[in-house]
$ cat input36.csv   # CSV, C-alpha atoms
chain,number,residue,atom,x,y,z
Q,18,MET,CA,173.6,75.4,5.3
Q,19,THR,CA,169.9,74.8,5.4
Q,20,ALA,CA,167.7,76.7,7.7
Q,21,ASP,CA,167.4,73.7,10.0
Q,22,ALA,CA,171.0,72.6,9.9
Q,23,SER,CA,173.4,73.2,12.7
Q,24,TYR,CA,176.1,75.8,12.1
Q,25,THR,CA,179.4,74.2,13.2
Q,26,HIS,CA,180.5,77.1,15.3
Q,27,GLY,CA,177.2,78.1,16.8
Q,28,HIS,CA,176.7,81.5,18.3
Q,29,HIS,CA,178.6,81.4,21.6
Q,30,GLY,CA,180.1,84.7,22.7
Q,31,SER,CA,183.6,83.5,21.7
Q,32,VAL,CA,182.3,83.0,18.1
Q,33,LEU,CA,180.3,86.2,17.9
Q,34,SER,CA,183.2,88.3,19.1
Q,35,SER,CA,185.0,87.3,15.9
Q,36,HIS,CA,182.0,87.9,13.7
Q,37,GLN,CA,181.3,91.3,15.2
Q,38,TRP,CA,184.9,92.4,14.5
Q,39,ARG,CA,184.4,91.9,10.7
Q,40,THR,CA,183.9,94.9,8.5
Q,41,VAL,CA,183.9,95.6,4.8
Q,42,GLU,CA,187.4,97.0,5.1
Q,43,ASN,CA,188.9,94.0,6.9
Q,44,SER,CA,186.8,91.2,5.4
Q,45,ALA,CA,185.5,92.3,2.0
Q,46,ALA,CA,188.1,94.7,0.7
Q,47,TYR,CA,188.3,92.8,-2.6
Q,48,LEU,CA,184.7,93.9,-3.3
Q,49,ILE,CA,185.0,97.6,-2.4
Q,50,ASP,CA,185.7,98.8,-5.9
Q,51,HIS,CA,182.4,97.3,-7.1
Q,52,LEU,CA,180.3,99.0,-4.4
Q,53,ARG,CA,178.5,102.1,-5.7
Q,54,PRO,CA,175.5,104.2,-4.5
Q,55,GLY,CA,172.2,102.8,-5.7
Q,56,LEU,CA,173.2,99.2,-6.1
Q,57,SER,CA,171.1,96.4,-4.5
Q,58,VAL,CA,173.0,93.9,-2.3
Q,59,LEU,CA,172.2,90.5,-0.7
Q,60,ASP,CA,174.5,89.5,2.1
Q,61,VAL,CA,174.2,85.8,2.6
Q,62,GLY,CA,175.1,84.4,6.0
Q,63,CYS,CA,175.2,87.9,7.4
Q,64,GLY,CA,175.5,86.9,11.0
Q,65,PRO,CA,175.6,89.9,13.4
Q,66,GLY,CA,175.4,92.3,10.4
Q,67,THR,CA,178.7,94.3,10.7
Q,68,ILE,CA,179.7,93.7,7.1
Q,69,THR,CA,176.1,94.3,6.0
Q,70,ALA,CA,176.1,97.7,7.7
Q,71,GLY,CA,179.2,98.6,5.8
Q,72,PHE,CA,177.6,97.6,2.5
Q,73,ALA,CA,174.5,99.7,3.4
Q,74,ARG,CA,176.6,102.8,4.0
Q,75,ARG,CA,178.5,102.4,0.7
Q,76,VAL,CA,175.5,101.7,-1.6
Q,77,ALA,CA,172.9,104.0,0.0
Q,78,PRO,CA,170.3,104.7,-1.0
Q,79,GLY,CA,170.4,101.2,-2.7
Q,80,PRO,CA,168.7,98.5,-0.7
Q,81,VAL,CA,170.7,95.9,1.3
Q,82,THR,CA,169.2,92.6,2.5
Q,83,GLY,CA,171.0,90.5,5.1
Q,84,ALA,CA,170.1,86.8,5.2
Q,85,ASP,CA,171.0,84.1,7.7
Q,86,ALA,CA,169.8,80.7,8.6
Q,87,ALA,CA,169.8,81.5,12.3
Q,88,GLU,CA,166.9,83.7,13.4
Q,89,ALA,CA,168.4,84.6,16.8
Q,90,VAL,CA,171.6,86.2,15.3
Q,91,LEU,CA,169.4,88.6,13.2
Q,92,ASP,CA,168.4,90.4,16.4
Q,93,GLU,CA,172.1,91.3,16.8
Q,94,ALA,CA,172.3,92.3,13.1
Q,95,ARG,CA,169.4,94.7,13.5
Q,96,ARG,CA,171.2,96.3,16.4
Q,97,SER,CA,174.4,96.6,14.3
Q,98,THR,CA,172.4,98.5,11.6
Q,99,GLU,CA,170.4,100.8,13.7
Q,100,GLY,CA,170.0,104.2,12.0
Q,101,LEU,CA,170.4,102.7,8.5
Q,102,ASP,CA,167.1,102.9,6.6
Q,103,ASN,CA,168.1,100.9,3.6
Q,104,VAL,CA,168.7,97.5,5.4
Q,105,ALA,CA,166.3,94.6,5.9
Q,106,PHE,CA,167.0,91.1,7.4
Q,107,THR,CA,165.4,87.7,6.7
Q,108,VAL,CA,165.9,84.1,7.6
Q,109,ALA,CA,167.0,82.2,4.4
Q,110,ASP,CA,168.5,78.9,3.3
Q,111,VAL,CA,171.4,79.6,0.8
Q,112,HIS,CA,170.5,76.3,-1.0
Q,113,ALA,CA,167.0,77.7,-1.7
Q,114,LEU,CA,166.9,81.4,-1.5
Q,115,ARG,CA,163.5,83.0,-1.2
Q,116,PHE,CA,164.1,85.7,-3.8
Q,117,ALA,CA,163.0,86.0,-7.4
Q,118,ASP,CA,165.4,85.5,-10.2
Q,119,ASP,CA,167.6,88.5,-11.3
Q,120,THR,CA,166.9,90.6,-8.1
Q,121,PHE,CA,170.3,91.8,-6.8
Q,122,ASP,CA,173.2,93.7,-8.3
Q,123,ILE,CA,175.6,92.0,-5.8
Q,124,VAL,CA,175.2,88.8,-3.9
Q,125,HIS,CA,177.9,88.3,-1.3
Q,126,ALA,CA,178.9,85.5,1.2
Q,127,HIS,CA,181.6,85.7,3.8
Q,128,GLN,CA,182.8,82.5,5.5
Q,129,VAL,CA,179.7,80.7,4.3
Q,130,LEU,CA,180.6,78.2,1.6
Q,131,GLN,CA,183.0,76.3,3.8
Q,132,HIS,CA,180.1,75.4,6.1
Q,133,VAL,CA,177.3,74.5,3.8
Q,134,ALA,CA,176.2,71.0,2.7
Q,135,ASP,CA,176.5,71.8,-1.0
Q,136,PRO,CA,178.6,74.9,-1.9
Q,137,VAL,CA,178.0,74.4,-5.7
Q,138,LEU,CA,174.3,74.5,-5.2
Q,139,ALA,CA,174.6,77.5,-3.0
Q,140,LEU,CA,176.6,79.4,-5.7
Q,141,ARG,CA,174.0,78.4,-8.3
Q,142,GLU,CA,171.3,79.9,-6.1
Q,143,MET,CA,173.4,83.1,-5.5
Q,144,ARG,CA,173.8,83.3,-9.3
Q,145,ARG,CA,170.1,82.8,-9.9
Q,146,VAL,CA,169.1,85.8,-7.7
Q,147,ALA,CA,171.8,88.0,-9.2
Q,148,LYS,CA,170.9,90.3,-12.1
Q,149,PRO,CA,172.4,89.6,-15.5
Q,150,GLY,CA,175.9,91.1,-15.5
Q,151,GLY,CA,175.8,91.3,-11.7
Q,152,ILE,CA,178.3,90.0,-9.2
Q,153,VAL,CA,178.5,87.0,-7.0
Q,154,ALA,CA,181.3,87.3,-4.5
Q,155,ALA,CA,182.6,84.9,-1.8
Q,156,ARG,CA,185.4,84.9,0.6
Q,157,ASP,CA,186.4,81.8,2.8
Q,158,ALA,CA,189.2,81.0,5.1
Q,159,ASP,CA,191.5,78.1,4.2
Q,160,PHE,CA,192.4,76.3,7.5
Q,161,GLY,CA,195.2,74.3,5.8
Q,162,SER,CA,196.9,77.6,5.0
Q,163,MET,CA,196.8,79.0,8.6
Q,164,ALA,CA,200.2,79.6,10.2
Q,165,TRP,CA,201.3,80.6,13.7
Q,166,TYR,CA,204.3,80.9,15.9
Q,167,PRO,CA,205.2,79.8,18.5
Q,168,ASP,CA,203.6,76.4,18.7
Q,169,PRO,CA,203.1,75.6,22.4
Q,170,PRO,CA,201.6,72.3,23.7
Q,171,GLY,CA,197.9,72.4,22.9
Q,172,MET,CA,198.3,74.4,19.7
Q,173,ASP,CA,199.9,71.4,18.0
Q,174,SER,CA,196.7,69.3,17.9
Q,175,TRP,CA,193.6,71.5,17.8
Q,176,LEU,CA,193.4,71.7,14.0
Q,177,PRO,CA,193.1,68.0,13.3
Q,178,VAL,CA,190.2,67.9,15.7
Q,179,TYR,CA,188.6,70.9,14.1
Q,180,TYR,CA,188.8,69.3,10.7
Q,181,LYS,CA,187.0,66.2,12.0
Q,182,VAL,CA,184.3,68.3,13.6
Q,183,ALA,CA,183.7,70.6,10.6
Q,184,ARG,CA,183.7,67.8,8.0
Q,185,GLY,CA,181.5,65.6,10.2
Q,186,ASN,CA,179.0,68.5,10.2
Q,187,GLY,CA,179.1,68.6,6.4
Q,188,GLY,CA,181.6,71.4,5.8
Q,189,GLU,CA,185.0,71.8,4.2
Q,190,PRO,CA,187.5,73.8,6.2
Q,191,ASP,CA,189.8,74.2,3.2
Q,192,GLY,CA,187.1,76.0,1.3
Q,193,GLY,CA,189.3,79.0,0.4
Q,194,ARG,CA,191.3,77.0,-2.1
Q,195,ARG,CA,188.2,75.4,-3.6
Q,196,LEU,CA,186.2,78.6,-4.4
Q,197,VAL,CA,187.3,78.8,-8.1
Q,198,SER,CA,186.5,75.1,-8.5
Q,199,TRP,CA,183.1,75.4,-6.9
Q,200,ALA,CA,182.3,78.5,-9.0
Q,201,ARG,CA,183.1,76.8,-12.2
Q,202,ALA,CA,181.1,73.7,-11.2
Q,203,ALA,CA,178.2,76.1,-10.5
Q,204,GLY,CA,178.4,77.3,-14.1
Q,205,PHE,CA,180.4,80.6,-13.8
Q,206,THR,CA,182.9,81.2,-16.6
Q,207,ASP,CA,183.9,84.7,-15.6
Q,208,VAL,CA,185.7,84.2,-12.3
Q,209,THR,CA,188.3,86.5,-10.8
Q,210,ALA,CA,190.2,85.0,-7.9
Q,211,SER,CA,192.3,86.6,-5.2
Q,212,ALA,CA,193.6,86.0,-1.7
Q,213,SER,CA,194.1,88.1,1.4
Q,214,SER,CA,194.8,87.5,5.0
Q,215,TRP,CA,194.2,88.5,8.6
Q,216,CYS,CA,197.2,88.8,10.8
Q,217,PHE,CA,197.2,88.9,14.6
Q,218,SER,CA,200.4,89.9,16.3
Q,219,THR,CA,200.0,92.7,18.8
Q,220,PRO,CA,199.3,91.8,22.5
Q,221,ARG,CA,195.7,93.0,22.2
Q,222,GLU,CA,195.2,91.1,18.9
Q,223,ARG,CA,196.7,87.9,20.3
Q,224,GLU,CA,194.6,88.0,23.5
Q,225,TRP,CA,191.4,88.6,21.6
Q,226,TRP,CA,192.1,85.9,18.9
Q,227,SER,CA,193.1,83.3,21.4
Q,228,GLU,CA,190.0,83.9,23.5
Q,229,SER,CA,187.9,83.7,20.4
Q,230,TRP,CA,189.4,80.5,19.1
Q,231,GLY,CA,190.6,78.9,22.3
Q,232,GLY,CA,187.2,79.8,23.8
Q,233,ARG,CA,185.2,78.2,21.1
Q,234,LEU,CA,187.3,75.0,21.2
Q,235,ARG,CA,186.5,74.8,24.9
Q,236,ASP,CA,183.0,76.2,25.3
Q,237,SER,CA,181.1,76.5,22.0
Q,238,SER,CA,179.2,74.0,19.8
Q,239,VAL,CA,182.5,73.2,18.2
Q,240,ALA,CA,183.5,71.7,21.6
Q,241,ASP,CA,180.2,69.9,22.1
Q,242,LYS,CA,180.4,68.3,18.6
Q,243,ALA,CA,184.1,67.3,19.2
Q,244,VAL,CA,183.1,65.5,22.4
Q,245,ALA,CA,179.9,64.0,20.9
Q,246,GLY,CA,181.8,62.8,17.9
Q,247,GLY,CA,184.5,61.1,20.0
Q,248,HIS,CA,187.1,63.5,18.5
Q,249,ALA,CA,188.3,64.9,21.8
Q,250,THR,CA,187.7,64.8,25.5
Q,251,ARG,CA,186.8,67.8,27.6
Q,252,GLU,CA,190.3,67.6,29.1
Q,253,GLU,CA,191.9,67.7,25.7
Q,254,LEU,CA,189.7,70.7,24.8
Q,255,ARG,CA,190.9,72.5,28.0
Q,256,ARG,CA,194.5,71.7,26.9
Q,257,PHE,CA,193.8,73.3,23.5
Q,258,TYR,CA,192.5,76.4,25.3
Q,259,GLU,CA,195.6,76.6,27.5
Q,260,GLY,CA,197.8,76.2,24.4
Q,261,TRP,CA,196.0,79.2,22.7
Q,262,LYS,CA,196.5,81.3,25.8
Q,263,ALA,CA,200.2,80.3,26.0
Q,264,TRP,CA,200.5,81.4,22.3
Q,265,ALA,CA,198.9,84.7,23.1
Q,266,ALA,CA,201.3,85.3,26.0
Q,267,ALA,CA,204.3,84.9,23.8
Q,268,GLU,CA,205.9,88.3,23.0
Q,269,ASP,CA,206.8,87.0,19.5
Q,270,GLY,CA,203.4,85.4,18.9
Q,271,TRP,CA,202.1,85.7,15.3
Q,272,TYR,CA,199.1,84.2,13.5
Q,273,SER,CA,198.0,84.4,9.8
Q,274,VAL,CA,194.7,83.4,8.3
Q,275,THR,CA,194.7,83.1,4.5
Q,276,HIS,CA,191.4,83.5,2.6
Q,277,GLY,CA,190.4,82.7,-0.9
Q,278,GLU,CA,188.2,85.2,-2.7
Q,279,ILE,CA,186.1,85.1,-5.9
Q,280,ILE,CA,184.2,87.7,-7.9
Q,281,CYS,CA,182.0,86.0,-10.5
Q,282,ARG,CA,179.9,87.7,-13.2
Q,283,ALA,CA,176.4,86.4,-13.5

$ encode --input "input36.csv" --output "structure tokens"
Amino acid sequence: MTADASYTHGHHGSVLSSHQWRTVENSAAYLIDHLRPGLSVLDVGCGPGTITAGFARRVAPGPVTGADAAEAVLDEARRSTEGLDNVAFTVADVHALRFADDTFDIVHAHQVLQHVADPVLALREMRRVAKPGGIVAARDADFGSMAWYPDPPGMDSWLPVYYKVARGNGGEPDGGRRLVSWARAAGFTDVTASASSWCFSTPREREWWSESWGGRLRDSSVADKAVAGGHATREELRRFYEGWKAWAAAEDGWYSVTHGEIICRA
């Protein structure tokens, strides 16, 4: 995503609640074995900085830089990393990173490539700023692999609308399955692929996840883009929200989000 592009989800509270929940442990576990004290890390698309903070603790005293296209969210990132003296934040465009060649030991992006205009160019830029022998790592959800039960009215039709909104904004919701392909197109030959998932099934998890996703479908920029693009009416979006809440209320409710992951050697 360029610095002047519009992030599909925006930064409504329903969206940030999901971003703020993310940690190295639940969202970048595939990278943990590569994190060592003294390494330098660039966290592209850092959002509110909760994963960035985890990197900073694990590689200290190594420097960590969080970069995001949205200036406003970096204020939240700075709050998330208070007390950590090896972190800095900057506004950056992943298609044209403002760093010199061969700068970082690890360049990481979580849930970024599915949203950008040119994921191959983004990976090339991430490779450019990684040191020779360094790591470029990415993890993205794959919406086509999401599964849930039960499927009350309203939950049956939100996903096609989301596909239209995301692709209309230049993204690819099935980015997880494309990561290896994008990496090879970007020139990487040493690519290790994996997959992992989030699962939400307890009453507390279901309530939180339904409010995050049902809320953004009703109230965030996802909703605004759906209406502006003629993909759904406000009434249909309210129906989606009600479907998510009905799913959350089901005692046997279960939801899985599958992610693709890549570790590439620069």

$ atom_distance --input "input36.csv" --atom1 "atom CA of Q:Val81" --atom2 "atom CA of Q:Arg201"
26.5 Å

$ closest_residue --input "input36.csv" --among "Q:Asn103, Q:Thr275, Q:Ser227, Q:Thr98" --to "Q:Met172" --atoms "all atoms listed in the file"
Q:Ser227

$ atom_distance --input "input36.csv" --atom1 "atom CA of Q:Glu99" --atom2 "atom CA of Q:Pro80"
14.7 Å

$ residues_around --input "input36.csv" --residues "Q:Ala265" --least-positions-apart "4" --cutoff "10 Å" --atoms "only C-alpha atoms" --output "JSON, numbers by chain"
{"Q": [166, 167, 217, 218, 219, 220, 221, 222, 223, 224, 225, 226, 227, 228, 259, 260, 261, 269, 270, 271, 272]}

$ closest_atom_pairs --input "input36.csv" --of "stretch 148-239 of chain Q" --to "stretch 126-130 of chain Q" --cutoff "6 Å" --atoms "only C-alpha atoms" --output "CSV"
residue,atom,partner,partner_atom,distance
Q:Ala155,CA,Q:Ala126,CA,4.8
Q:Arg156,CA,Q:His127,CA,5.0
Q:Asp157,CA,Q:Gln128,CA,4.6

$ write_last_selection --input "input36.csv" --atoms "C-alpha atoms" --output "PDB file, in the frame of the given file"
ATOM      1  CA  ALA Q 155     182.600  84.900  -1.800  1.00  0.00           C
ATOM      2  CA  ARG Q 156     185.400  84.900   0.600  1.00  0.00           C
ATOM      3  CA  ASP Q 157     186.400  81.800   2.800  1.00  0.00           C
TER       4      ASP Q 157
END

$ residues_around --input "input36.csv" --residues "stretch 180-184 of chain Q" --least-positions-apart "5" --cutoff "10 Å" --atoms "all atoms listed in the file" --output "VMD selection string"
chain Q and resid 24 to 26 131 to 132 134 160 to 161 175 189 to 191 238 to 249

$ write_last_selection --input "input36.csv" --atoms "C-alpha atoms" --output "JSON list (two decimals), in the frame of the given file"
[["chain", "number", "residue", "atom", "x", "y", "z"],
["Q", 24, "TYR", "CA", 176.10, 75.80, 12.10],
["Q", 25, "THR", "CA", 179.40, 74.20, 13.20],
["Q", 26, "HIS", "CA", 180.50, 77.10, 15.30],
["Q", 131, "GLN", "CA", 183.00, 76.30, 3.80],
["Q", 132, "HIS", "CA", 180.10, 75.40, 6.10],
["Q", 134, "ALA", "CA", 176.20, 71.00, 2.70],
["Q", 160, "PHE", "CA", 192.40, 76.30, 7.50],
["Q", 161, "GLY", "CA", 195.20, 74.30, 5.80],
["Q", 175, "TRP", "CA", 193.60, 71.50, 17.80],
["Q", 189, "GLU", "CA", 185.00, 71.80, 4.20],
["Q", 190, "PRO", "CA", 187.50, 73.80, 6.20],
["Q", 191, "ASP", "CA", 189.80, 74.20, 3.20],
["Q", 238, "SER", "CA", 179.20, 74.00, 19.80],
["Q", 239, "VAL", "CA", 182.50, 73.20, 18.20],
["Q", 240, "ALA", "CA", 183.50, 71.70, 21.60],
["Q", 241, "ASP", "CA", 180.20, 69.90, 22.10],
["Q", 242, "LYS", "CA", 180.40, 68.30, 18.60],
["Q", 243, "ALA", "CA", 184.10, 67.30, 19.20],
["Q", 244, "VAL", "CA", 183.10, 65.50, 22.40],
["Q", 245, "ALA", "CA", 179.90, 64.00, 20.90],
["Q", 246, "GLY", "CA", 181.80, 62.80, 17.90],
["Q", 247, "GLY", "CA", 184.50, 61.10, 20.00],
["Q", 248, "HIS", "CA", 187.10, 63.50, 18.50],
["Q", 249, "ALA", "CA", 188.30, 64.90, 21.80]]

$ closest_residue --input "input36.csv" --among "Q:Phe205, Q:Thr82, Q:Arg95, Q:Leu48" --to "Q:Arg141" --atoms "all atoms listed in the file"
Q:Phe205

$ closest_residue --input "input36.csv" --among "Q:Met143, Q:Val274, Q:Val90, Q:Val111" --to "Q:Ala203" --atoms "all atoms listed in the file"
Q:Met143

$ closest_residue --input "input36.csv" --among "Q:Phe116, Q:Tyr47, Q:Phe121, Q:Trp199" --to "Q:Ala139" --atoms "only C-alpha atoms"
Q:Trp199

$ closest_residue --input "input36.csv" --among "Q:Val178, Q:Ala77, Q:Val146, Q:Ala86" --to "Q:Cys63" --atoms "only C-alpha atoms"
Q:Ala86
